[in-house]
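> Okay, handing you the structure first.
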Amino acid sequence: IALRCRARGLRIEGKPGGSPVTDGDLAVDAFLTERLRAARPDYGWLSEETDDDPARLSKKRTFVVDPIDGTKAFIDGRDVWCVSVAVVENGRSFCGVLDCPAKGEVFAASIGGGSRMNGITLSVGEPSDELKVAGPKHFVVPFANMQSKQVEAVGHVPSLAYRIALIAAGRISASFVKPNAHDWDLAAADLILAEAGGTLVRADGSRPLYAGKTVSHGVLAAGHPSLMQGMLGVVAATSIG
């Protein structure tokens with residue numbers, strides 16, 4: 001659906017706050033709303049492109065959806081964007097999918113079922129002597145300075161969900177995440193990373209919860225668990241500074 005919309009030429013509008021939305025975002029959202037809510041009418045619904053209904057807070061399970069994560073890349077004709085769908089219960093995702101149609105990649109995970117990309121099992125693996133770290137420079141640079149290993153700063157990946165999936169796939173080592181990421185950016189990717197042996201944590205070291213009253217988050221760190229102490233140390237020092 002998204003690729004067809006882009007092929008025929010996108011209609012682009014601005015949302016409150018200035019971020020863009022296209023007819024592709026809305027068409028994917030409408031499709032997912034129809035199919036998923038019809039299949040599970042008792043689930044709540046939280047999507048970037050649907051007005052939030054507080055009634056979801058009374059539901060046992062909630063779909064958390066980003067119809068297109070990385071809309072700016074989608075508009076620009078780049079391939080670094082994806083469709084993100086997760087099911088959340090008690091604040092935790094227990095299944096999630098990232099579909100990256102322009103790349104031909106589908107990431108999927110379930111609690112205890114592992115994490116896969118196009119059917120291939122994913123693992124973050126132990127960090128090598130050369131770390132590839134994404135995120136804001138004011139975090140990456142001091143983190144690099146405190147490492148005995150060589151650190152390469154990864155260029156901007158416009159889809160946060162895809163960036164986290166790259167860690168799960170072992171293509172990059174870690175990422176800092178600036179404030180104001182939302183549940184729909186994170187819920188599926190968090191589980192995909194966790195089931196691959198990685199972790200996504202808040203500044204205090206705790207894991208984020210999803211589908212609650214508050215759907216945005218502060219600074220986050222994602223990567224192999226062995227990197228978290230150093231990453232969170234940088235977050236704390238930078239915040240104090």
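Note on naming: chains are A, B, ... as they come in the structure tokens, residues start from 1 per chain, ligands start from 1 in the order shown.
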Can you check which residues of segment 142-188 of chain A DSSP gives as strand (DSSP E) on the backbone and send them as a list in words?
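Restricting segment 142-188 of chain A to strand (DSSP E) produces Gln150, Val151, Glu152, Ala153, Ala174, Ser175, Phe176, Val177, Ala181 and His182 of chain A.
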> Which residues, written as a list in words, have at least one atom at most 12 Å from Gln229 of chain A, with only C-alpha atoms counted and residues fewer than 2 positions away on the same chain left out?
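Here the qualifying residues turn out to be Phe143, Met146, Gln147, Thr199, Val201, Arg202, Ala203, Asp204, Gly205, Ala221, Ala222, Gly223, His224, Pro225, Ser226, Leu227, Met231, Leu232, Gly233, Val234, Val235 and Ala236 of chain A.
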> Store the residues picked out above, limited to all heavy atoms, as a short mmCIF file (atom, residue, chain, number, x, y, z; two decimals), in the first residue's frame.

data_model
loop_
_atom_site.label_atom_id
_atom_site.label_comp_id
_atom_site.auth_asym_id
_atom_site.auth_seq_id
_atom_site.Cartn_x
_atom_site.Cartn_y
_atom_site.Cartn_z
N PHE A 143 30.87 8.99 24.83
CA PHE A 143 30.92 7.54 24.97
C PHE A 143 32.14 6.98 24.25
O PHE A 143 32.85 6.12 24.79
CB PHE A 143 29.64 6.92 24.40
CG PHE A 143 29.61 5.42 24.47
CD1 PHE A 143 29.42 4.76 25.68
CD2 PHE A 143 29.79 4.66 23.32
CE1 PHE A 143 29.41 3.38 25.75
CE2 PHE A 143 29.77 3.27 23.37
CZ PHE A 143 29.58 2.62 24.59
N MET A 146 35.45 7.45 26.19
CA MET A 146 35.70 6.64 27.38
C MET A 146 35.95 5.17 27.04
O MET A 146 36.22 4.37 27.93
CB MET A 146 34.50 6.74 28.34
CG MET A 146 33.21 6.17 27.80
SD MET A 146 31.82 6.37 28.95
CE MET A 146 32.21 5.13 30.17
N GLN A 147 35.92 4.82 25.75
CA GLN A 147 36.09 3.44 25.34
C GLN A 147 37.53 3.12 24.98
O GLN A 147 38.23 3.95 24.39
CB GLN A 147 35.20 3.13 24.13
CG GLN A 147 33.72 3.26 24.38
CD GLN A 147 33.21 2.29 25.42
OE1 GLN A 147 33.48 1.09 25.36
NE2 GLN A 147 32.47 2.81 26.38
N THR A 199 19.08 -4.98 24.82
CA THR A 199 18.20 -4.33 25.79
C THR A 199 18.00 -2.87 25.43
O THR A 199 18.86 -2.23 24.84
CB THR A 199 18.79 -4.44 27.22
OG1 THR A 199 17.84 -3.97 28.17
CG2 THR A 199 20.08 -3.64 27.37
N VAL A 201 16.72 0.59 27.48
CA VAL A 201 16.44 1.05 28.85
C VAL A 201 16.33 2.57 28.90
O VAL A 201 16.85 3.29 28.05
CB VAL A 201 17.52 0.58 29.84
CG1 VAL A 201 17.54 -0.94 29.92
CG2 VAL A 201 18.90 1.10 29.46
N ARG A 202 15.66 3.01 29.96
CA ARG A 202 15.55 4.42 30.25
C ARG A 202 16.80 4.90 30.98
O ARG A 202 17.69 4.11 31.29
CB ARG A 202 14.29 4.68 31.09
CG ARG A 202 13.03 4.19 30.42
CD ARG A 202 11.77 4.61 31.16
NE ARG A 202 11.72 4.10 32.52
CZ ARG A 202 10.70 4.29 33.35
NH1 ARG A 202 9.66 5.00 32.96
NH2 ARG A 202 10.73 3.77 34.56
N ALA A 203 16.87 6.19 31.26
CA ALA A 203 18.06 6.76 31.89
C ALA A 203 18.33 6.17 33.26
O ALA A 203 19.48 6.13 33.71
CB ALA A 203 17.90 8.28 32.00
N ASP A 204 17.30 5.65 33.94
CA ASP A 204 17.50 5.06 35.26
C ASP A 204 17.78 3.56 35.18
O ASP A 204 17.87 2.88 36.21
CB ASP A 204 16.29 5.32 36.17
CG ASP A 204 15.00 4.69 35.64
OD1 ASP A 204 15.04 4.02 34.58
OD2 ASP A 204 13.94 4.87 36.29
N GLY A 205 17.90 3.02 33.97
CA GLY A 205 18.20 1.61 33.79
C GLY A 205 17.00 0.70 33.69
O GLY A 205 17.16 -0.49 33.43
N ALA A 221 18.67 4.24 25.96
CA ALA A 221 19.89 3.61 25.44
C ALA A 221 19.54 2.20 25.00
O ALA A 221 18.81 1.49 25.69
CB ALA A 221 20.98 3.59 26.50
N ALA A 222 20.07 1.80 23.85
CA ALA A 222 19.79 0.47 23.30
C ALA A 222 21.08 -0.18 22.86
O ALA A 222 21.95 0.47 22.27
CB ALA A 222 18.83 0.57 22.12
N GLY A 223 21.21 -1.48 23.16
CA GLY A 223 22.41 -2.18 22.73
C GLY A 223 22.61 -3.46 23.50
O GLY A 223 21.70 -3.96 24.18
N HIS A 224 23.80 -4.02 23.42
CA HIS A 224 24.16 -5.20 24.19
C HIS A 224 24.18 -4.82 25.67
O HIS A 224 24.63 -3.73 26.04
CB HIS A 224 25.53 -5.72 23.75
CG HIS A 224 25.87 -7.06 24.33
ND1 HIS A 224 26.37 -7.21 25.62
CD2 HIS A 224 25.78 -8.31 23.80
CE1 HIS A 224 26.57 -8.50 25.84
NE2 HIS A 224 26.22 -9.18 24.76
N PRO A 225 23.70 -5.70 26.56
CA PRO A 225 23.66 -5.35 27.99
C PRO A 225 25.00 -4.91 28.56
O PRO A 225 25.05 -4.08 29.47
CB PRO A 225 23.18 -6.66 28.64
CG PRO A 225 22.35 -7.31 27.58
CD PRO A 225 23.04 -7.00 26.29
N SER A 226 26.10 -5.43 28.04
CA SER A 226 27.43 -5.08 28.56
C SER A 226 27.80 -3.62 28.29
O SER A 226 28.73 -3.09 28.91
CB SER A 226 28.50 -6.00 27.97
OG SER A 226 28.62 -5.80 26.57
N LEU A 227 27.09 -2.96 27.38
CA LEU A 227 27.38 -1.56 27.06
C LEU A 227 26.56 -0.58 27.88
O LEU A 227 26.82 0.63 27.86
CB LEU A 227 27.12 -1.31 25.57
CG LEU A 227 27.95 -2.12 24.57
CD1 LEU A 227 27.49 -1.81 23.15
CD2 LEU A 227 29.44 -1.82 24.73
N MET A 231 26.96 3.55 28.68
CA MET A 231 26.02 4.43 27.98
C MET A 231 25.20 5.26 28.97
O MET A 231 25.02 6.46 28.77
CB MET A 231 25.10 3.59 27.08
CG MET A 231 25.83 2.91 25.92
SD MET A 231 24.73 1.96 24.84
CE MET A 231 23.90 3.28 23.93
N LEU A 232 24.73 4.60 30.02
CA LEU A 232 23.92 5.34 31.00
C LEU A 232 24.76 6.32 31.80
O LEU A 232 24.26 7.36 32.24
CB LEU A 232 23.20 4.35 31.92
CG LEU A 232 22.13 3.50 31.23
CD1 LEU A 232 21.48 2.55 32.24
CD2 LEU A 232 21.08 4.36 30.56
N GLY A 233 26.05 6.00 31.98
CA GLY A 233 26.95 6.94 32.63
C GLY A 233 27.09 8.22 31.80
O GLY A 233 27.08 9.33 32.35
N VAL A 234 27.17 8.07 30.51
CA VAL A 234 27.24 9.22 29.62
C VAL A 234 25.94 10.02 29.66
O VAL A 234 25.94 11.25 29.71
CB VAL A 234 27.55 8.77 28.17
CG1 VAL A 234 27.33 9.91 27.19
CG2 VAL A 234 28.97 8.26 28.08
N VAL A 235 24.80 9.31 29.64
CA VAL A 235 23.51 9.99 29.72
C VAL A 235 23.40 10.81 31.00
O VAL A 235 22.99 11.98 30.98
CB VAL A 235 22.36 8.96 29.65
CG1 VAL A 235 21.03 9.62 30.01
CG2 VAL A 235 22.30 8.34 28.26
N ALA A 236 23.81 10.22 32.13
CA ALA A 236 23.73 10.92 33.41
C ALA A 236 24.65 12.14 33.42
O ALA A 236 24.25 13.23 33.85
CB ALA A 236 24.08 9.97 34.55
#
> Which is closer to Leu200 of chain A than all the others in A:Val133, A:Met228, A:His182, A:Tyr43, using only C-alpha atoms?
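Of all the options, A:Met228 lies closest to Leu200 of chain A.
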> Of the candidates A:Asp29, A:Gly104, A:Gly198, A:Glu13, which shows the shortest atom-to-atom distance to Asp66 of chain A, using only C-alpha atoms?
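For Asp66 of chain A, the nearest of the given residues is A:Asp29.
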> Could you list, as a PyMOL selection string, every residue within 12 Å of Val106 of chain A, counting only C-alpha atoms and ignoring same-chain residues fewer than 5 positions away?
chain A and resi 81-85+96-101+115-122+162+165-166+169+188-189+192
> Excluding Lys149 of chain A and its own-chain neighbours fewer than 6 positions away, which residues fall within 9 Å of it when counting only C-alpha atoms? Please give them as a list in words.
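Within the cut-off, the hits are Ser128, Asp129, Glu130 and Leu131 of chain A.
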> Could the residues in this selection be written to a file with N, CA, C and O atoms, as a tab-separated table (two decimals), in the first residue's frame?

chain	number	residue	atom	x	y	z
A	128	SER	N	32.23	-6.25	19.51
A	128	SER	CA	33.57	-6.49	18.97
A	128	SER	C	34.51	-5.36	19.39
A	128	SER	O	34.14	-4.47	20.16
A	129	ASP	N	35.72	-5.39	18.86
A	129	ASP	CA	36.69	-4.34	19.18
A	129	ASP	C	36.36	-3.03	18.48
A	129	ASP	O	36.96	-2.00	18.77
A	130	GLU	N	35.45	-3.07	17.52
A	130	GLU	CA	35.01	-1.87	16.82
A	130	GLU	C	33.50	-1.71	17.00
A	130	GLU	O	32.72	-2.52	16.50
A	131	LEU	N	33.12	-0.68	17.72
A	131	LEU	CA	31.71	-0.43	18.00
A	131	LEU	C	31.14	0.57	17.01
A	131	LEU	O	31.78	1.58	16.69
> Would you list the contacts of Ser58 of chain A as a CSV table (one decimal) with N, CA, C and O atoms, in the first residue's frame, taking every protein, DNA or RNA residue within 12 Å and counting only C-alpha atoms, but skipping same-chain residues closer than 3 positions in sequence?

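Result file is part-v8.csv:
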chain,number,residue,atom,x,y,z
A,42,ASP,N,-11.6,-6.9,20.8
A,42,ASP,CA,-11.5,-6.6,22.2
A,42,ASP,C,-10.2,-6.0,22.6
A,42,ASP,O,-10.0,-5.6,23.7
A,43,TYR,N,-9.3,-5.8,21.6
A,43,TYR,CA,-8.0,-5.1,21.9
A,43,TYR,C,-8.2,-3.6,21.8
A,43,TYR,O,-9.0,-3.1,21.1
A,44,GLY,N,-7.3,-2.9,22.6
A,44,GLY,CA,-7.2,-1.5,22.4
A,44,GLY,C,-6.4,-1.1,21.2
A,44,GLY,O,-5.8,-2.0,20.6
A,45,TRP,N,-6.4,0.2,20.9
A,45,TRP,CA,-5.7,0.6,19.7
A,45,TRP,C,-5.0,1.9,20.0
A,45,TRP,O,-5.5,2.9,20.5
A,53,ASP,N,-7.9,7.2,21.9
A,53,ASP,CA,-9.2,6.9,22.6
A,53,ASP,C,-8.8,6.4,24.0
A,53,ASP,O,-8.3,5.3,24.1
A,54,PRO,N,-9.1,7.1,25.0
A,54,PRO,CA,-8.7,6.7,26.4
A,54,PRO,C,-9.4,5.3,26.7
A,54,PRO,O,-8.9,4.7,27.7
A,55,ALA,N,-10.4,4.9,26.0
A,55,ALA,CA,-11.0,3.6,26.3
A,55,ALA,C,-10.0,2.5,26.2
A,55,ALA,O,-10.2,1.4,26.8
A,61,ARG,N,-5.3,-6.0,26.3
A,61,ARG,CA,-4.3,-6.0,25.3
A,61,ARG,C,-4.5,-4.8,24.3
A,61,ARG,O,-5.7,-4.4,24.1
A,62,THR,N,-3.4,-4.3,23.8
A,62,THR,CA,-3.5,-3.1,22.9
A,62,THR,C,-2.6,-3.3,21.7
A,62,THR,O,-1.4,-3.7,21.9
A,89,GLU,N,0.6,-6.0,26.5
A,89,GLU,CA,-0.2,-6.4,27.6
A,89,GLU,C,0.6,-6.1,28.9
A,89,GLU,O,1.8,-6.4,29.0
A,90,ASN,N,-0.1,-5.4,29.8
A,90,ASN,CA,0.6,-5.0,31.1
A,90,ASN,C,1.9,-4.2,30.8
A,90,ASN,O,2.9,-4.4,31.5
A,211,ALA,N,1.7,1.6,26.1
A,211,ALA,CA,0.3,1.6,26.1
A,211,ALA,C,-0.4,2.1,27.4
A,211,ALA,O,-1.5,1.7,27.7
A,212,GLY,N,0.3,2.9,28.1
A,212,GLY,CA,-0.2,3.5,29.3
A,212,GLY,C,-0.8,4.9,29.0
A,212,GLY,O,-1.0,5.3,27.8
A,213,LYS,N,-1.0,5.7,30.0
A,213,LYS,CA,-1.5,7.1,29.8
A,213,LYS,C,-0.5,7.9,29.1
A,213,LYS,O,-0.8,8.8,28.3
> Kindly indicate which residue among A:Gln150, A:Ser159, A:Ser216, A:Ser123 lies nearest to Val80 of chain A, using only C-alpha atoms for the distances.
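Nearest to Val80 of chain A: A:Ser159.
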> I need the helix (DSSP H, G or I) residues of segment 1-234 of chain A per DSSP on the backbone, written as a ChimeraX atom specification.
/A:2-8,23-39,54-58,71-76,137-145,160-168,183-195,225-234
> Have a look at A:Ala144, A:Phe107, A:Lys137, A:Gly155 and name the one nearest to Ala168 of chain A; count only C-alpha atoms.
A:Phe107
> Between A:Glu49, A:Asp185, A:Asp79, A:Glu126, single out the one closest to Leu26 of chain A, counting only C-alpha atoms.
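The shortest atom-to-atom distance to Leu26 of chain A comes from A:Glu49.
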